[in-house]
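Chemist: Pasting model12.txt here (compact mmCIF, N, CA and C atoms and all ligand atoms):
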```txt
# COMPACT_ATOMS: atom_id res chain seq x y z
N MET J 1 239.93 36.28 -42.74
CA MET J 1 239.12 35.09 -42.88
C MET J 1 237.92 35.11 -41.94
N ALA J 2 237.42 36.29 -41.63
CA ALA J 2 236.28 36.41 -40.73
C ALA J 2 235.05 35.71 -41.30
N GLU J 3 234.97 35.61 -42.61
CA GLU J 3 233.80 35.00 -43.23
C GLU J 3 234.00 33.50 -43.47
N HIS J 4 235.14 32.95 -43.08
CA HIS J 4 235.43 31.52 -43.21
C HIS J 4 235.27 31.03 -44.64
N ARG J 5 235.76 31.80 -45.57
CA ARG J 5 235.67 31.42 -46.97
C ARG J 5 236.86 30.55 -47.37
N ILE J 6 236.67 29.75 -48.41
CA ILE J 6 237.71 28.89 -48.94
C ILE J 6 237.99 29.32 -50.37
N LEU J 7 239.24 29.59 -50.68
CA LEU J 7 239.62 29.98 -52.03
C LEU J 7 239.66 28.74 -52.91
N LEU J 8 238.89 28.73 -53.98
CA LEU J 8 238.87 27.64 -54.95
C LEU J 8 239.64 28.10 -56.17
N THR J 9 240.64 27.34 -56.58
CA THR J 9 241.44 27.79 -57.71
C THR J 9 242.15 26.63 -58.39
N ARG J 10 242.55 26.87 -59.64
CA ARG J 10 243.40 25.92 -60.36
C ARG J 10 244.82 26.50 -60.44
N ASP J 11 245.09 27.56 -59.70
CA ASP J 11 246.38 28.25 -59.69
C ASP J 11 247.15 27.86 -58.42
N ARG J 12 248.10 26.96 -58.57
CA ARG J 12 248.86 26.47 -57.40
C ARG J 12 249.68 27.59 -56.76
N GLN J 13 250.19 28.51 -57.56
CA GLN J 13 250.98 29.62 -57.02
C GLN J 13 250.12 30.49 -56.09
N LEU J 14 248.89 30.69 -56.48
CA LEU J 14 247.98 31.50 -55.66
C LEU J 14 247.74 30.84 -54.30
N LEU J 15 247.62 29.52 -54.30
CA LEU J 15 247.37 28.80 -53.04
C LEU J 15 248.56 28.90 -52.08
N MET J 16 249.76 29.16 -52.61
CA MET J 16 250.95 29.23 -51.76
C MET J 16 251.15 30.59 -51.10
N ARG J 17 250.33 31.54 -51.45
CA ARG J 17 250.47 32.88 -50.86
C ARG J 17 250.10 32.86 -49.39
N ARG J 18 250.83 33.64 -48.62
CA ARG J 18 250.65 33.71 -47.17
C ARG J 18 249.23 34.08 -46.76
N GLU J 19 248.61 34.94 -47.54
CA GLU J 19 247.28 35.42 -47.19
C GLU J 19 246.21 34.33 -47.28
N VAL J 20 246.51 33.29 -48.00
CA VAL J 20 245.52 32.22 -48.21
C VAL J 20 245.61 31.23 -47.05
N THR J 21 244.63 31.28 -46.17
CA THR J 21 244.64 30.36 -45.02
C THR J 21 243.82 29.10 -45.32
N HIS J 22 242.82 29.21 -46.17
CA HIS J 22 242.01 28.06 -46.53
C HIS J 22 241.85 28.06 -48.05
N GLY J 23 242.44 27.07 -48.69
CA GLY J 23 242.37 26.99 -50.13
C GLY J 23 242.14 25.57 -50.59
N CYS J 24 241.64 25.44 -51.79
CA CYS J 24 241.38 24.11 -52.35
C CYS J 24 241.75 24.14 -53.83
N TYR J 25 242.66 23.26 -54.21
CA TYR J 25 243.07 23.17 -55.61
C TYR J 25 242.07 22.31 -56.38
N LEU J 26 241.64 22.82 -57.51
CA LEU J 26 240.69 22.09 -58.36
C LEU J 26 241.45 21.48 -59.52
N ARG J 27 241.67 20.19 -59.46
CA ARG J 27 242.41 19.49 -60.52
C ARG J 27 241.62 19.46 -61.82
N ALA J 28 240.34 19.16 -61.71
CA ALA J 28 239.49 19.04 -62.90
C ALA J 28 239.28 20.41 -63.55
N ALA J 29 239.19 20.40 -64.87
CA ALA J 29 238.95 21.64 -65.61
C ALA J 29 237.46 21.87 -65.85
N ARG J 30 236.69 20.80 -65.93
CA ARG J 30 235.26 20.93 -66.24
C ARG J 30 234.47 21.28 -64.98
N PRO J 31 233.60 22.29 -65.07
CA PRO J 31 232.84 22.72 -63.90
C PRO J 31 232.04 21.59 -63.22
N GLU J 32 231.47 20.69 -64.02
CA GLU J 32 230.68 19.59 -63.44
C GLU J 32 231.55 18.69 -62.56
N GLU J 33 232.77 18.42 -63.01
CA GLU J 33 233.69 17.59 -62.23
C GLU J 33 234.19 18.36 -61.00
N GLN J 34 234.41 19.65 -61.15
CA GLN J 34 234.84 20.47 -60.02
C GLN J 34 233.76 20.47 -58.93
N LEU J 35 232.51 20.60 -59.34
CA LEU J 35 231.41 20.60 -58.39
C LEU J 35 231.34 19.27 -57.64
N ALA J 36 231.43 18.16 -58.36
CA ALA J 36 231.37 16.84 -57.72
C ALA J 36 232.51 16.67 -56.72
N TYR J 37 233.69 17.09 -57.10
CA TYR J 37 234.85 16.99 -56.21
C TYR J 37 234.61 17.80 -54.92
N LEU J 38 234.17 19.04 -55.08
CA LEU J 38 233.98 19.91 -53.92
C LEU J 38 232.86 19.42 -53.00
N VAL J 39 231.76 19.00 -53.60
CA VAL J 39 230.63 18.53 -52.79
C VAL J 39 231.05 17.37 -51.90
N HIS J 40 231.86 16.47 -52.43
CA HIS J 40 232.26 15.31 -51.64
C HIS J 40 233.46 15.60 -50.74
N ARG J 41 234.41 16.39 -51.23
CA ARG J 41 235.58 16.72 -50.41
C ARG J 41 235.19 17.54 -49.18
N LEU J 42 234.27 18.48 -49.36
CA LEU J 42 233.85 19.35 -48.26
C LEU J 42 232.58 18.84 -47.58
N GLN J 43 232.13 17.67 -47.96
CA GLN J 43 230.94 17.03 -47.36
C GLN J 43 229.74 17.99 -47.34
N LEU J 44 229.40 18.48 -48.51
CA LEU J 44 228.36 19.50 -48.62
C LEU J 44 226.95 18.93 -48.78
N CYS J 45 226.82 17.64 -49.06
CA CYS J 45 225.48 17.10 -49.30
C CYS J 45 224.54 17.33 -48.12
N ARG J 46 225.06 17.23 -46.91
CA ARG J 46 224.20 17.42 -45.74
C ARG J 46 223.74 18.88 -45.62
N LEU J 47 224.38 19.78 -46.33
CA LEU J 47 224.03 21.20 -46.25
C LEU J 47 223.21 21.69 -47.44
N ILE J 48 223.15 20.89 -48.48
CA ILE J 48 222.47 21.33 -49.70
C ILE J 48 220.97 21.44 -49.47
N ARG J 49 220.42 22.58 -49.82
CA ARG J 49 218.97 22.81 -49.76
C ARG J 49 218.54 23.29 -51.13
N PRO J 50 218.30 22.35 -52.04
CA PRO J 50 217.99 22.75 -53.42
C PRO J 50 216.76 23.64 -53.50
N PHE J 51 216.83 24.63 -54.35
CA PHE J 51 215.70 25.51 -54.68
C PHE J 51 215.27 26.39 -53.51
N ALA J 52 216.12 26.58 -52.53
CA ALA J 52 215.78 27.44 -51.40
C ALA J 52 216.16 28.90 -51.67
N ARG J 53 217.01 29.12 -52.68
CA ARG J 53 217.49 30.47 -52.98
C ARG J 53 217.21 30.84 -54.43
N CYS J 54 217.03 32.10 -54.68
CA CYS J 54 216.80 32.62 -56.02
C CYS J 54 218.09 32.55 -56.83
N THR J 55 217.99 32.07 -58.06
CA THR J 55 219.17 31.98 -58.90
C THR J 55 219.60 33.34 -59.44
N ALA J 56 218.71 34.32 -59.35
CA ALA J 56 219.05 35.65 -59.85
C ALA J 56 219.68 36.53 -58.78
N CYS J 57 219.15 36.49 -57.53
CA CYS J 57 219.63 37.43 -56.51
C CYS J 57 220.04 36.77 -55.20
N ASN J 58 219.85 35.47 -55.05
CA ASN J 58 220.26 34.69 -53.87
C ASN J 58 219.39 34.93 -52.63
N ALA J 59 218.30 35.67 -52.75
CA ALA J 59 217.37 35.81 -51.62
C ALA J 59 216.59 34.50 -51.47
N THR J 60 215.90 34.34 -50.33
CA THR J 60 215.14 33.11 -50.11
C THR J 60 213.92 33.05 -51.02
N VAL J 61 213.52 31.83 -51.34
CA VAL J 61 212.36 31.57 -52.19
C VAL J 61 211.29 30.92 -51.32
N GLU J 62 210.07 31.44 -51.40
CA GLU J 62 208.97 30.96 -50.55
C GLU J 62 207.79 30.52 -51.41
N PRO J 63 207.01 29.54 -50.92
CA PRO J 63 205.79 29.15 -51.65
C PRO J 63 204.84 30.33 -51.77
N VAL J 64 204.12 30.37 -52.88
CA VAL J 64 203.17 31.46 -53.12
C VAL J 64 201.92 30.88 -53.79
N ALA J 65 200.77 31.45 -53.49
CA ALA J 65 199.52 30.99 -54.10
C ALA J 65 199.51 31.34 -55.58
N VAL J 66 198.93 30.45 -56.38
CA VAL J 66 198.89 30.66 -57.82
C VAL J 66 198.21 31.99 -58.17
N GLU J 67 197.19 32.38 -57.40
CA GLU J 67 196.47 33.62 -57.69
C GLU J 67 197.39 34.85 -57.63
N ALA J 68 198.42 34.77 -56.82
CA ALA J 68 199.32 35.91 -56.66
C ALA J 68 200.27 36.08 -57.83
N VAL J 69 200.45 35.02 -58.63
CA VAL J 69 201.45 35.09 -59.69
C VAL J 69 200.89 34.75 -61.07
N VAL J 70 199.62 34.39 -61.14
CA VAL J 70 199.05 33.87 -62.38
C VAL J 70 199.22 34.84 -63.56
N ALA J 71 199.15 36.13 -63.31
CA ALA J 71 199.26 37.10 -64.39
C ALA J 71 200.65 37.13 -65.01
N ARG J 72 201.62 36.66 -64.30
CA ARG J 72 203.00 36.70 -64.78
C ARG J 72 203.45 35.40 -65.43
N LEU J 73 202.57 34.42 -65.49
CA LEU J 73 202.97 33.10 -65.98
C LEU J 73 202.67 32.93 -67.47
N PRO J 74 203.55 32.25 -68.18
CA PRO J 74 203.23 31.89 -69.56
C PRO J 74 202.03 30.93 -69.56
N PRO J 75 201.19 30.98 -70.61
CA PRO J 75 199.98 30.13 -70.64
C PRO J 75 200.28 28.65 -70.43
N SER J 76 201.32 28.14 -71.02
CA SER J 76 201.62 26.71 -70.87
C SER J 76 201.95 26.36 -69.43
N VAL J 77 202.61 27.26 -68.73
CA VAL J 77 202.95 27.03 -67.32
C VAL J 77 201.68 27.06 -66.48
N ARG J 78 200.78 28.00 -66.78
CA ARG J 78 199.51 28.09 -66.06
C ARG J 78 198.72 26.79 -66.16
N GLN J 79 198.78 26.16 -67.33
CA GLN J 79 198.01 24.93 -67.54
C GLN J 79 198.65 23.72 -66.88
N LEU J 80 199.98 23.69 -66.86
CA LEU J 80 200.67 22.46 -66.45
C LEU J 80 201.13 22.46 -65.00
N GLN J 81 201.28 23.62 -64.39
CA GLN J 81 201.84 23.67 -63.04
C GLN J 81 200.80 24.09 -62.01
N ALA J 82 200.95 23.58 -60.80
CA ALA J 82 199.99 23.91 -59.73
C ALA J 82 200.68 24.57 -58.55
N ARG J 83 201.98 24.39 -58.43
CA ARG J 83 202.70 24.92 -57.26
C ARG J 83 203.74 25.92 -57.73
N PHE J 84 203.83 27.03 -56.98
CA PHE J 84 204.74 28.11 -57.36
C PHE J 84 205.48 28.64 -56.15
N TRP J 85 206.64 29.23 -56.42
CA TRP J 85 207.45 29.84 -55.39
C TRP J 85 207.86 31.22 -55.90
N ARG J 86 208.08 32.15 -54.98
CA ARG J 86 208.47 33.50 -55.38
C ARG J 86 209.65 33.96 -54.54
N CYS J 87 210.56 34.64 -55.19
CA CYS J 87 211.74 35.17 -54.51
C CYS J 87 211.32 36.35 -53.64
N ALA J 88 211.77 36.32 -52.38
CA ALA J 88 211.45 37.41 -51.45
C ALA J 88 212.23 38.67 -51.80
N GLY J 89 213.27 38.54 -52.59
CA GLY J 89 214.09 39.70 -52.95
C GLY J 89 213.64 40.38 -54.22
N CYS J 90 213.66 39.67 -55.33
CA CYS J 90 213.38 40.29 -56.63
C CYS J 90 212.01 39.93 -57.20
N GLY J 91 211.29 39.00 -56.55
CA GLY J 91 209.95 38.65 -57.00
C GLY J 91 209.89 37.63 -58.11
N ARG J 92 211.03 37.12 -58.53
CA ARG J 92 211.05 36.11 -59.60
C ARG J 92 210.21 34.91 -59.18
N VAL J 93 209.46 34.36 -60.14
CA VAL J 93 208.56 33.24 -59.86
C VAL J 93 209.18 31.94 -60.38
N TYR J 94 209.06 30.89 -59.57
CA TYR J 94 209.61 29.57 -59.92
C TYR J 94 208.53 28.52 -59.90
N TRP J 95 208.71 27.47 -60.70
CA TRP J 95 207.83 26.30 -60.70
C TRP J 95 208.69 25.10 -61.07
N GLN J 96 208.10 23.91 -60.96
CA GLN J 96 208.86 22.69 -61.17
C GLN J 96 208.80 22.26 -62.64
N GLY J 97 209.42 23.06 -63.48
CA GLY J 97 209.45 22.78 -64.91
C GLY J 97 210.70 22.00 -65.30
N SER J 98 211.06 22.12 -66.57
CA SER J 98 212.18 21.32 -67.09
C SER J 98 213.51 21.71 -66.42
N HIS J 99 213.71 22.98 -66.15
CA HIS J 99 214.95 23.41 -65.48
C HIS J 99 215.01 22.82 -64.07
N TRP J 100 213.87 22.86 -63.37
CA TRP J 100 213.81 22.28 -62.02
C TRP J 100 214.17 20.79 -62.07
N ARG J 101 213.57 20.06 -63.03
CA ARG J 101 213.83 18.62 -63.14
C ARG J 101 215.31 18.36 -63.43
N ALA J 102 215.90 19.18 -64.29
CA ALA J 102 217.32 18.99 -64.61
C ALA J 102 218.19 19.22 -63.37
N MET J 103 217.87 20.27 -62.62
CA MET J 103 218.65 20.57 -61.41
C MET J 103 218.45 19.50 -60.34
N ALA J 104 217.20 19.03 -60.19
CA ALA J 104 216.93 17.97 -59.21
C ALA J 104 217.71 16.71 -59.59
N GLY J 105 217.81 16.43 -60.87
CA GLY J 105 218.59 15.27 -61.33
C GLY J 105 220.06 15.43 -61.00
N ARG J 106 220.58 16.63 -61.16
CA ARG J 106 222.00 16.88 -60.83
C ARG J 106 222.26 16.64 -59.34
N VAL J 107 221.36 17.16 -58.51
CA VAL J 107 221.52 16.99 -57.06
C VAL J 107 221.44 15.51 -56.70
N ALA J 108 220.49 14.80 -57.32
CA ALA J 108 220.34 13.37 -57.03
C ALA J 108 221.59 12.60 -57.44
N ARG J 109 222.15 12.97 -58.58
CA ARG J 109 223.38 12.27 -59.03
C ARG J 109 224.54 12.58 -58.09
N LEU J 110 224.59 13.80 -57.58
CA LEU J 110 225.68 14.18 -56.67
C LEU J 110 225.53 13.56 -55.29
N CYS J 111 224.33 13.59 -54.76
CA CYS J 111 224.13 13.25 -53.34
C CYS J 111 223.04 12.21 -53.10
N GLY J 112 222.47 11.65 -54.13
CA GLY J 112 221.35 10.75 -53.94
C GLY J 112 221.75 9.37 -53.47
N GLU J 113 220.81 8.48 -53.59
CA GLU J 113 220.98 7.08 -53.18
C GLU J 113 222.28 6.51 -53.76
N GLY J 114 223.04 5.88 -52.90
CA GLY J 114 224.29 5.25 -53.36
C GLY J 114 225.48 6.17 -53.35
N GLN J 115 225.26 7.47 -53.11
CA GLN J 115 226.37 8.42 -53.05
C GLN J 115 226.89 8.48 -51.62
N PRO J 116 228.14 8.86 -51.43
CA PRO J 116 228.72 8.83 -50.09
C PRO J 116 228.08 9.78 -49.08
N HIS J 117 227.52 10.89 -49.53
CA HIS J 117 226.96 11.86 -48.59
C HIS J 117 225.60 12.30 -49.07
N ARG J 118 224.57 11.53 -48.74
CA ARG J 118 223.22 11.86 -49.18
C ARG J 118 222.69 13.05 -48.41
N PRO J 119 221.84 13.90 -49.04
CA PRO J 119 221.23 15.00 -48.30
C PRO J 119 220.21 14.48 -47.31
N ALA J 120 220.02 15.22 -46.24
CA ALA J 120 219.00 14.85 -45.25
C ALA J 120 217.63 15.00 -45.89
N THR J 121 216.73 14.07 -45.61
CA THR J 121 215.37 14.19 -46.15
C THR J 121 214.51 14.90 -45.12
N ARG J 122 213.55 15.67 -45.61
CA ARG J 122 212.66 16.42 -44.71
C ARG J 122 211.24 16.08 -45.02
ZN ZN Y 201 215.56 36.97 -56.51
```
Can the structure in the file be given as structure tokens, please?
Modeler:
Amino acid sequence: MAEHRILLTRDRQLLMRREVTHGCYLRAARPEEQLAYLVHRLQLCRLIRPFARCTACNATVEPVAVEAVVARLPPSVRQLQARFWRCAGCGRVYWQGSHWRAMAGRVARLCGEGQPHRPATR
């Protein structure tokens, strides 16, 4: 357990094994419900940093000038977006499109106003 990991499982027998020092049983079957349970049980809202990591390779994502990525953007994105981010690992380019809005909504529902553990604002 040098990495301080927690085993997440719906297998109660697995949690009873001697090797498992930190485990968490997931009662819910649906991933959305499992996520909500874990975020609140482990008090993760204070640690959540949405859009800080690449969804493809998990490297950090940094702001980048539009000129550096314009050639790789679809025309509609070029017209509608002004701010871009690029993965330091694989070079993937991100912007605040429909996927971003959907993910931001998920985070807000999990940790936003009125939730028990709101994320820190910066
Ligand atoms: Zn990446």
Chemist: Residues up to 5 Å from ligand ZN 201 (chain Y), counting all atoms listed in the file: could you list those as a VMD selection string?
Modeler: chain J and resid 54 56 to 59 87 89 to 92
Chemist: With all atoms listed in the file as the counted atoms, please give the residues lying no more than 8 Å from Arg83 in chain J, apart from itself and same-chain residues fewer than 6 positions off, as a PDB file with N, CA and C atoms, in the frame of the given file.
Modeler:
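Result saved to result.pdb:
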```pdb
ATOM      1  N   PRO J  63     207.010  29.540 -50.920  1.00  0.00           N
ATOM      2  CA  PRO J  63     205.790  29.150 -51.650  1.00  0.00           C
ATOM      3  C   PRO J  63     204.840  30.330 -51.770  1.00  0.00           C
ATOM      4  N   VAL J  64     204.120  30.370 -52.880  1.00  0.00           N
ATOM      5  CA  VAL J  64     203.170  31.460 -53.120  1.00  0.00           C
ATOM      6  C   VAL J  64     201.920  30.880 -53.790  1.00  0.00           C
ATOM      7  N   ALA J  65     200.770  31.450 -53.490  1.00  0.00           N
ATOM      8  CA  ALA J  65     199.520  30.990 -54.100  1.00  0.00           C
ATOM      9  C   ALA J  65     199.510  31.340 -55.580  1.00  0.00           C
ATOM     10  N   VAL J  66     198.930  30.450 -56.380  1.00  0.00           N
ATOM     11  CA  VAL J  66     198.890  30.660 -57.820  1.00  0.00           C
ATOM     12  C   VAL J  66     198.210  31.990 -58.170  1.00  0.00           C
ATOM     13  N   TYR J  94     209.060  30.890 -59.570  1.00  0.00           N
ATOM     14  CA  TYR J  94     209.610  29.570 -59.920  1.00  0.00           C
ATOM     15  C   TYR J  94     208.530  28.520 -59.900  1.00  0.00           C
ATOM     16  N   TRP J  95     208.710  27.470 -60.700  1.00  0.00           N
ATOM     17  CA  TRP J  95     207.830  26.300 -60.700  1.00  0.00           C
ATOM     18  C   TRP J  95     208.690  25.100 -61.070  1.00  0.00           C
ATOM     19  N   GLN J  96     208.100  23.910 -60.960  1.00  0.00           N
ATOM     20  CA  GLN J  96     208.860  22.690 -61.170  1.00  0.00           C
ATOM     21  C   GLN J  96     208.800  22.260 -62.640  1.00  0.00           C
TER      22      GLN J  96
END
```
Chemist: Can you measure atom C of Leu7 in chain J to atom C of Ala104 in chain J for me? One decimal in Å is fine.
Modeler: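 About the pair atom C of Leu7 in chain J and atom C of Ala104 in chain J: they are 25.9 Å apart.
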Chemist: Measuring between only C-alpha atoms, which one of J:Ala36, J:Leu26, J:Leu80, J:Ala88 shows the shortest distance to Thr60 in chain J?
Modeler: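 Between J:Ala36, J:Leu26, J:Leu80, J:Ala88, the residue approaching Thr60 in chain J most closely is J:Ala88.
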Chemist: Could you pull out the residues in range 18-104 of chain J that DSSP calls alpha helix (DSSP H) from the backbone, as a PyMOL selection string?
Modeler: chain J and resi 31-41+66-69+75-80+98-104
Chemist: To one decimal in Å, tell me the separation between atom C of Tyr37 in chain J and atom C of Ala108 in chain J.
Modeler: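 Separation between atom C of Tyr37 in chain J and atom C of Ala108 in chain J: 14.2 Å.
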Chemist: Please run DSSP on the backbone and report, as a list in words, all residues within chain J that come out as strand (DSSP E or B).
Modeler: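 In chain J, DSSP puts these residues in strand (DSSP E or B): Leu7, Leu8, Thr9, Gly23, Cys24, Tyr25, Arg53, Thr60, Val61, Glu62, Pro63, Val64, Phe84, Trp85, Arg86, Cys87, Val93 and Tyr94 of chain J.
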Chemist: For the selection you just gave me, I'd like the residues written to a file as a short mmCIF file (atom, residue, chain, number, x, y, z; two decimals), in the frame of the given file, keeping N, CA and C atoms.
Modeler:
```
data_model
loop_
_atom_site.label_atom_id
_atom_site.label_comp_id
_atom_site.auth_asym_id
_atom_site.auth_seq_id
_atom_site.Cartn_x
_atom_site.Cartn_y
_atom_site.Cartn_z
N LEU J 7 239.24 29.59 -50.68
CA LEU J 7 239.62 29.98 -52.03
C LEU J 7 239.66 28.74 -52.91
N LEU J 8 238.89 28.73 -53.98
CA LEU J 8 238.87 27.64 -54.95
C LEU J 8 239.64 28.10 -56.17
N THR J 9 240.64 27.34 -56.58
CA THR J 9 241.44 27.79 -57.71
C THR J 9 242.15 26.63 -58.39
N GLY J 23 242.44 27.07 -48.69
CA GLY J 23 242.37 26.99 -50.13
C GLY J 23 242.14 25.57 -50.59
N CYS J 24 241.64 25.44 -51.79
CA CYS J 24 241.38 24.11 -52.35
C CYS J 24 241.75 24.14 -53.83
N TYR J 25 242.66 23.26 -54.21
CA TYR J 25 243.07 23.17 -55.61
C TYR J 25 242.07 22.31 -56.38
N ARG J 53 217.01 29.12 -52.68
CA ARG J 53 217.49 30.47 -52.98
C ARG J 53 217.21 30.84 -54.43
N THR J 60 215.90 34.34 -50.33
CA THR J 60 215.14 33.11 -50.11
C THR J 60 213.92 33.05 -51.02
N VAL J 61 213.52 31.83 -51.34
CA VAL J 61 212.36 31.57 -52.19
C VAL J 61 211.29 30.92 -51.32
N GLU J 62 210.07 31.44 -51.40
CA GLU J 62 208.97 30.96 -50.55
C GLU J 62 207.79 30.52 -51.41
N PRO J 63 207.01 29.54 -50.92
CA PRO J 63 205.79 29.15 -51.65
C PRO J 63 204.84 30.33 -51.77
N VAL J 64 204.12 30.37 -52.88
CA VAL J 64 203.17 31.46 -53.12
C VAL J 64 201.92 30.88 -53.79
N PHE J 84 203.83 27.03 -56.98
CA PHE J 84 204.74 28.11 -57.36
C PHE J 84 205.48 28.64 -56.15
N TRP J 85 206.64 29.23 -56.42
CA TRP J 85 207.45 29.84 -55.39
C TRP J 85 207.86 31.22 -55.90
N ARG J 86 208.08 32.15 -54.98
CA ARG J 86 208.47 33.50 -55.38
C ARG J 86 209.65 33.96 -54.54
N CYS J 87 210.56 34.64 -55.19
CA CYS J 87 211.74 35.17 -54.51
C CYS J 87 211.32 36.35 -53.64
N VAL J 93 209.46 34.36 -60.14
CA VAL J 93 208.56 33.24 -59.86
C VAL J 93 209.18 31.94 -60.38
N TYR J 94 209.06 30.89 -59.57
CA TYR J 94 209.61 29.57 -59.92
C TYR J 94 208.53 28.52 -59.90
#
```
Chemist: Any idea what the distance is between atom C of Ala2 in chain J and atom C of Phe51 in chain J?
Modeler: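 Value for the atom C of Ala2 in chain J-atom C of Phe51 in chain J distance: 25.0 Å.
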Chemist: Counting only C-alpha atoms, which residue out of J:Ala102, J:Leu47, J:Leu8, J:Val93 sits closest to Leu35 in chain J?
Modeler: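 Of all the options, J:Leu8 lies closest to Leu35 in chain J.
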Chemist: Of the candidates J:Ala82, J:Ile48, J:Leu42, J:Ile6, which one gets nearest to Thr21 in chain J if we count only N, CA and C atoms?
Modeler: J:Ile6
Chemist: Of the candidates J:Val39, J:Ala28, J:Leu73, J:Leu14, which one gets nearest to Leu110 in chain J if we count only N, CA and C atoms?
Modeler: J:Val39
Chemist: Go through J:His22, J:Arg27, J:Glu33, J:Gln81 one by one, measure the shortest atom-to-atom distance of each to His4 in chain J using all atoms listed in the file, and give the residue with the smallest value.
Modeler: J:His22
Chemist: Between J:Met16, J:Phe84, J:Arg5, J:Val107, which one has atoms that come closest to Val61 in chain J, using all atoms listed in the file?
Modeler: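 That would be J:Phe84, the residue with the smallest distance to Val61 in chain J.
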Chemist: Given 6 Å on each side, where is the centre and what are the edge lengths in Å to one decimal of the axis-aligned box enclosing the listed atoms of range 39-57 of chain J, as JSON?
Modeler:
```
{"center_x": 225.4, "center_y": 26.4, "center_z": -52.7, "size_x": 32.3, "size_y": 34.1, "size_z": 26.2}
```
Chemist: Please rebuild range 108-113 of chain J with all heavy atoms and give the result as a PDB file, in the coordinates of the input.
Modeler:
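File produced: result09.pdb:
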```
ATOM      1  N   ALA J 108     220.490  14.800 -57.320  1.00  0.00           N
ATOM      2  CA  ALA J 108     220.340  13.370 -57.030  1.00  0.00           C
ATOM      3  C   ALA J 108     221.590  12.600 -57.440  1.00  0.00           C
ATOM      4  O   ALA J 108     222.034  11.703 -56.736  1.00  0.00           O
ATOM      5  CB  ALA J 108     219.113  12.826 -57.751  1.00  0.00           C
ATOM      6  N   ARG J 109     222.150  12.970 -58.580  1.00  0.00           N
ATOM      7  CA  ARG J 109     223.380  12.270 -59.030  1.00  0.00           C
ATOM      8  C   ARG J 109     224.540  12.580 -58.090  1.00  0.00           C
ATOM      9  O   ARG J 109     225.378  11.719 -57.832  1.00  0.00           O
ATOM     10  CB  ARG J 109     223.717  12.659 -60.465  1.00  0.00           C
ATOM     11  CG  ARG J 109     222.827  11.978 -61.496  1.00  0.00           C
ATOM     12  CD  ARG J 109     223.337  12.174 -62.911  1.00  0.00           C
ATOM     13  NE  ARG J 109     223.340  13.571 -63.330  1.00  0.00           N
ATOM     14  CZ  ARG J 109     222.262  14.228 -63.767  1.00  0.00           C
ATOM     15  NH1 ARG J 109     221.099  13.607 -63.854  1.00  0.00           N
ATOM     16  NH2 ARG J 109     222.332  15.484 -64.120  1.00  0.00           N
ATOM     17  N   LEU J 110     224.590  13.800 -57.580  1.00  0.00           N
ATOM     18  CA  LEU J 110     225.680  14.180 -56.670  1.00  0.00           C
ATOM     19  C   LEU J 110     225.530  13.560 -55.290  1.00  0.00           C
ATOM     20  O   LEU J 110     226.489  13.089 -54.707  1.00  0.00           O
ATOM     21  CB  LEU J 110     225.710  15.708 -56.505  1.00  0.00           C
ATOM     22  CG  LEU J 110     226.499  16.505 -57.502  1.00  0.00           C
ATOM     23  CD1 LEU J 110     226.264  17.988 -57.270  1.00  0.00           C
ATOM     24  CD2 LEU J 110     227.961  16.182 -57.428  1.00  0.00           C
ATOM     25  N   CYS J 111     224.330  13.590 -54.760  1.00  0.00           N
ATOM     26  CA  CYS J 111     224.130  13.250 -53.340  1.00  0.00           C
ATOM     27  C   CYS J 111     223.040  12.210 -53.100  1.00  0.00           C
ATOM     28  O   CYS J 111     222.714  11.941 -51.946  1.00  0.00           O
ATOM     29  CB  CYS J 111     223.752  14.512 -52.569  1.00  0.00           C
ATOM     30  SG  CYS J 111     224.955  15.824 -52.668  1.00  0.00           S
ATOM     31  N   GLY J 112     222.470  11.650 -54.130  1.00  0.00           N
ATOM     32  CA  GLY J 112     221.350  10.750 -53.940  1.00  0.00           C
ATOM     33  C   GLY J 112     221.750   9.370 -53.470  1.00  0.00           C
ATOM     34  O   GLY J 112     222.869   9.136 -53.032  1.00  0.00           O
ATOM     35  N   GLU J 113     220.810   8.480 -53.590  1.00  0.00           N
ATOM     36  CA  GLU J 113     220.980   7.080 -53.180  1.00  0.00           C
ATOM     37  C   GLU J 113     222.280   6.510 -53.760  1.00  0.00           C
ATOM     38  O   GLU J 113     222.564   6.668 -54.926  1.00  0.00           O
ATOM     39  CB  GLU J 113     219.793   6.266 -53.700  1.00  0.00           C
ATOM     40  CG  GLU J 113     219.600   4.947 -53.043  1.00  0.00           C
ATOM     41  CD  GLU J 113     218.928   5.091 -51.687  1.00  0.00           C
ATOM     42  OE1 GLU J 113     218.023   5.927 -51.551  1.00  0.00           O
ATOM     43  OE2 GLU J 113     219.336   4.368 -50.780  1.00  0.00           O
TER      44      GLU J 113
END
```
